[in-house]
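J.: My questions will all concern the structure given below.
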Amino acid sequence: MSVAGLKKAAHETVAGLPREFWWLWTSTLVNRLGAFVATFMALYLTLDRGYSASYAGLVAALHGLGGVVSSLGAGVMTDRLGRRPTMLIAQLSTAVSVAVLGFMVHPVAIAGVAFVVGMASNASRPAVQAMMADIVRPEDRVRAFSLNYWAINLGFAVSSAGAGFIAEYSYLAGFLGEAALTLLCAFVVFLKVPESRPEAAPRAAGTSPPDDVRLGTVLRDGRYMGVVGLSFLVALIFQQGYVGLPVAMGTDGLSASDFGTAIAVNGVLIVALQIPVTRFIQHRDPRRLLILSSLLAGYGFGLTAFAGSVGVYALTVCVWTLAEIVNAPTQTGIVVQLSPAHGRGRYQGMYTMSWSVAALVAPLMSGFVIDHYGAAWLWGTCAVLGTVAAAGYWLLMRNLELPEPVVAASPVLENQAVAEGPVVAESPVVAEGSVVSEGRVVTERAV
């Protein structure tokens with residue numbers, strides 16, 4: 001492609017998105033530049049503190065349990081309190097709890113604070129995803145989620161490589177660095193990101209309010225809950241990159257910086273390929289993309305059974321990273337498509353919970369399997385899970401209709417003017433087994 005072609009592609013990728021999106025994008029980038037705890041917790045506990053893989057798995061599981069507890073609560077807060085207040089509360093709590101975790105030395109104290117960190121760090125996710133769905137037009141959501149995911153991994157690529165060397169010097173410095181950058185992220189949200197929660201539309205007497213979406217509504221939405229369940233299986237696979245992989249590399253005699261180098265390949269590839277791959281897949285059948293990405297994830301981790309050096313580990317990371325690039329925006333888009341506008345927080349909270357539950361189960365699974373059977377059995381299990389998830393997507397989504405957005409008026413964000421460009425609303429979508437709600441959403445893909 002020529003230089004002019006590259007410039008045109010870059011312009012088309014970033015053009016037309018509202019200013020508020022880019023401030024939210026910036027806050028995401030800053031937050032991920034400080035990522036340390038989730039990536040290096042297993043190595044911190046096993047190499048620096050000398051605990052077993054099973055204990056490291058228990059602490060990581062408690063971190064995941066905290067996310068499970070907060071996901072649904074944060075979803076309700078997002079709908080009731082608002083997107084912006086929920087993000088601010090979550091980010092300030094994360095900064096404080098991460099800093100405290102760095103000073104904990106007793107195993108019970110470490111486990112307890114890790115649980116609190118898990119609660120705080122996961123609480124902002126439903127709000128961020130709901131806000132993006134609020135402020136971005138339906139036809140631009142795949143691109144917006146992909147750009148946000150790109151920011152996550154740009155920050156992750158930088159932080160993984162840098163934090164690996166920081167860990168060689170001082171794990172405490174890593175904890176304090178994450179706390180400082182999370183606090184900076186909160187300042188960006190406070191100063192630049194306005195509230196985006198849709199205002200309740202006028203309703204006729206005797207009808208239900210448009211925001212009458214409860215957690216029971218989400219649980220009764222059969223197709224949506226099926227997507228959540230399959231998301232859990234895929235997340236369980238991807239979580240092994242942060243819990244099973246570092247422990248396996250440690251047992252092979254590799255260091256924290258070796259793991260940092262291998263896992264940084266994940267972030268580098270996503271930074272390099274996420275945008276061009278999204279341009280290629282955004283108009284393709286999401287059902288086939290989810291099936292393909294599930295298989296790539298499962299068998300990409302399955303190949304790790306044959307790794308023994310940093311180079312080979314990095315090659316296996318390349319395979320499952322391709323799955324992640326395809327899966328993240330596609331999955332997020334399907335979730336938004338099946339979520340009613342005034343219940344986005346609860347729906348996004350349930351989706352976030354699937355990843356939080358995976359973060360709870362994955363370390364317990366990896367610690368037990370590695371300690372009792374060896375890492376090869378863990379990677380074989382990942383291949384099986386990927387196959388099951390692919391079959392599940394094929395069965396669940398073969399009759400899913402993908403509606404097109406219709407032209408109409410869209411809600412105005414609080415304290416701001418309507419964004420330039422054509423205004424598009426969302427057409428109603430009825431998911432199998434769900435309650436029909438006004439203002440249902442259309443399109444997506446971006447973790």
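Convention: chains lettered A, B, ... in structure tokens order; per-chain residue numbering from 1; ligands numbered from 1 as shown.
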For the contact check between segment 166-259 of chain A and segment 307-318 of chain A, emit one row per residue of segment 166-259 of chain A within 8 Å, containing the shortest atom pair and the distance in Å rounded to one decimal, counting only C-alpha atoms, chain then rising number order, as a tab-separated table.
T.:
residue	atom	partner	partner_atom	distance
A:Met249	CA	A:Gly308	CA	7.9
A:Asp252	CA	A:Gly308	CA	6.7
A:Leu254	CA	A:Val310	CA	7.8
A:Asp258	CA	A:Val310	CA	6.4
A:Phe259	CA	A:Val310	CA	7.7
J.: Kindly export the residues of the current selection with all heavy atoms, as a CSV table (one decimal), in the first residue's frame.
T.:
chain,number,residue,atom,x,y,z
A,249,MET,N,6.1,-20.9,32.6
A,249,MET,CA,7.5,-20.4,32.2
A,249,MET,C,8.4,-20.4,33.4
A,249,MET,O,9.6,-20.7,33.3
A,249,MET,CB,7.3,-19.0,31.6
A,249,MET,CG,6.6,-19.0,30.3
A,249,MET,SD,6.6,-17.3,29.5
A,249,MET,CE,8.3,-17.1,29.1
A,252,ASP,N,9.8,-23.8,34.0
A,252,ASP,CA,10.8,-24.1,32.9
A,252,ASP,C,12.1,-23.3,33.2
A,252,ASP,O,13.1,-23.4,32.4
A,252,ASP,CB,10.3,-23.7,31.5
A,252,ASP,CG,9.4,-24.8,31.0
A,252,ASP,OD1,9.4,-25.9,31.6
A,252,ASP,OD2,8.6,-24.5,30.0
A,254,LEU,N,12.5,-20.0,33.5
A,254,LEU,CA,12.5,-18.6,32.9
A,254,LEU,C,12.2,-17.6,33.9
A,254,LEU,O,11.5,-17.8,34.9
A,254,LEU,CB,11.6,-18.6,31.7
A,254,LEU,CG,11.9,-19.6,30.6
A,254,LEU,CD1,10.8,-19.6,29.5
A,254,LEU,CD2,13.3,-19.4,30.0
A,258,ASP,N,11.7,-12.6,31.1
A,258,ASP,CA,11.4,-13.5,30.0
A,258,ASP,C,9.9,-13.6,29.8
A,258,ASP,O,9.5,-13.5,28.6
A,258,ASP,CB,11.9,-14.9,30.3
A,258,ASP,CG,13.4,-15.0,30.3
A,258,ASP,OD1,14.1,-14.3,29.6
A,258,ASP,OD2,14.0,-15.9,31.1
A,259,PHE,N,9.1,-13.7,30.8
A,259,PHE,CA,7.7,-13.7,30.7
A,259,PHE,C,7.2,-12.3,30.1
A,259,PHE,O,6.4,-12.3,29.2
A,259,PHE,CB,7.0,-14.0,32.0
A,259,PHE,CG,5.5,-13.7,32.0
A,259,PHE,CD1,4.7,-14.5,31.2
A,259,PHE,CD2,5.0,-12.7,32.7
A,259,PHE,CE1,3.3,-14.3,31.1
A,259,PHE,CE2,3.6,-12.5,32.7
A,259,PHE,CZ,2.8,-13.3,31.9
J.: Taking the DSSP secondary structure from the backbone, can you list the residues of segment 14-109 of chain A that are helix (DSSP H, G or I), as number ranges by chain?
T.: A: 14, 19-33, 37-48, 53-80, 83-101, 107-109
J.: Which residue out of A:Gly367, A:Gly260, A:Pro198, A:Gly392 has the minimum interatomic distance to Ala133 of chain A when only C-alpha atoms are used?
T.: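 When distances to Ala133 of chain A are compared using only C-alpha atoms, the smallest one comes from A:Pro198.
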J.: Write out as a PyMOL selection string which residues come within 9 Å of segment 60-73 of chain A when counting only C-alpha atoms, dropping same-chain ones fewer than 6 positions away.
T.: chain A and resi 38+41-42+111-126+215+243+345-364
J.: Produce a file of the selected residues containing C-alpha atoms, as a PDB file, in the first residue's frame.
T.:
ATOM      1  CA  ALA A  38      -2.925  -8.658  37.033  1.00  0.00           C
ATOM      2  CA  MET A  41       0.847 -11.170  40.529  1.00  0.00           C
ATOM      3  CA  ALA A  42       1.609 -14.856  39.899  1.00  0.00           C
ATOM      4  CA  ALA A 111      -5.244 -12.382  49.725  1.00  0.00           C
ATOM      5  CA  GLY A 112      -7.725  -9.975  51.322  1.00  0.00           C
ATOM      6  CA  VAL A 113      -6.398  -6.855  49.607  1.00  0.00           C
ATOM      7  CA  ALA A 114      -6.165  -8.702  46.274  1.00  0.00           C
ATOM      8  CA  PHE A 115      -9.912  -9.343  46.601  1.00  0.00           C
ATOM      9  CA  VAL A 116     -10.531  -5.604  47.106  1.00  0.00           C
ATOM     10  CA  VAL A 117      -8.306  -4.747  44.123  1.00  0.00           C
ATOM     11  CA  GLY A 118     -10.329  -7.167  42.003  1.00  0.00           C
ATOM     12  CA  MET A 119     -13.569  -5.470  43.057  1.00  0.00           C
ATOM     13  CA  ALA A 120     -12.304  -1.956  42.357  1.00  0.00           C
ATOM     14  CA  SER A 121     -10.483  -2.617  39.089  1.00  0.00           C
ATOM     15  CA  ASN A 122     -13.426  -4.408  37.460  1.00  0.00           C
ATOM     16  CA  ALA A 123     -16.094  -1.933  38.546  1.00  0.00           C
ATOM     17  CA  SER A 124     -15.373   0.593  35.788  1.00  0.00           C
ATOM     18  CA  ARG A 125     -15.766  -1.825  32.864  1.00  0.00           C
ATOM     19  CA  PRO A 126     -19.583  -1.819  32.541  1.00  0.00           C
ATOM     20  CA  LEU A 215     -31.120  -8.274  36.636  1.00  0.00           C
ATOM     21  CA  VAL A 243      -2.065 -17.103  35.251  1.00  0.00           C
ATOM     22  CA  GLY A 345     -25.185  -1.066  32.536  1.00  0.00           C
ATOM     23  CA  ARG A 346     -26.830  -4.270  33.778  1.00  0.00           C
ATOM     24  CA  TYR A 347     -26.282  -6.093  30.491  1.00  0.00           C
ATOM     25  CA  GLN A 348     -22.656  -4.978  30.327  1.00  0.00           C
ATOM     26  CA  GLY A 349     -22.266  -5.921  33.988  1.00  0.00           C
ATOM     27  CA  MET A 350     -23.424  -9.469  33.249  1.00  0.00           C
ATOM     28  CA  TYR A 351     -21.022  -9.691  30.306  1.00  0.00           C
ATOM     29  CA  THR A 352     -18.171  -8.316  32.437  1.00  0.00           C
ATOM     30  CA  MET A 353     -19.038 -10.885  35.073  1.00  0.00           C
ATOM     31  CA  SER A 354     -18.314 -13.689  32.588  1.00  0.00           C
ATOM     32  CA  TRP A 355     -14.721 -12.457  32.413  1.00  0.00           C
ATOM     33  CA  SER A 356     -14.577 -11.961  36.171  1.00  0.00           C
ATOM     34  CA  VAL A 357     -15.791 -15.498  36.819  1.00  0.00           C
ATOM     35  CA  ALA A 358     -13.174 -16.720  34.341  1.00  0.00           C
ATOM     36  CA  ALA A 359     -10.562 -14.739  36.278  1.00  0.00           C
ATOM     37  CA  LEU A 360     -11.772 -16.560  39.391  1.00  0.00           C
ATOM     38  CA  VAL A 361     -11.815 -20.060  37.901  1.00  0.00           C
ATOM     39  CA  ALA A 362      -8.750 -19.869  35.627  1.00  0.00           C
ATOM     40  CA  PRO A 363      -6.074 -19.542  38.348  1.00  0.00           C
ATOM     41  CA  LEU A 364      -7.659 -22.284  40.451  1.00  0.00           C
TER      42      LEU A 364
END
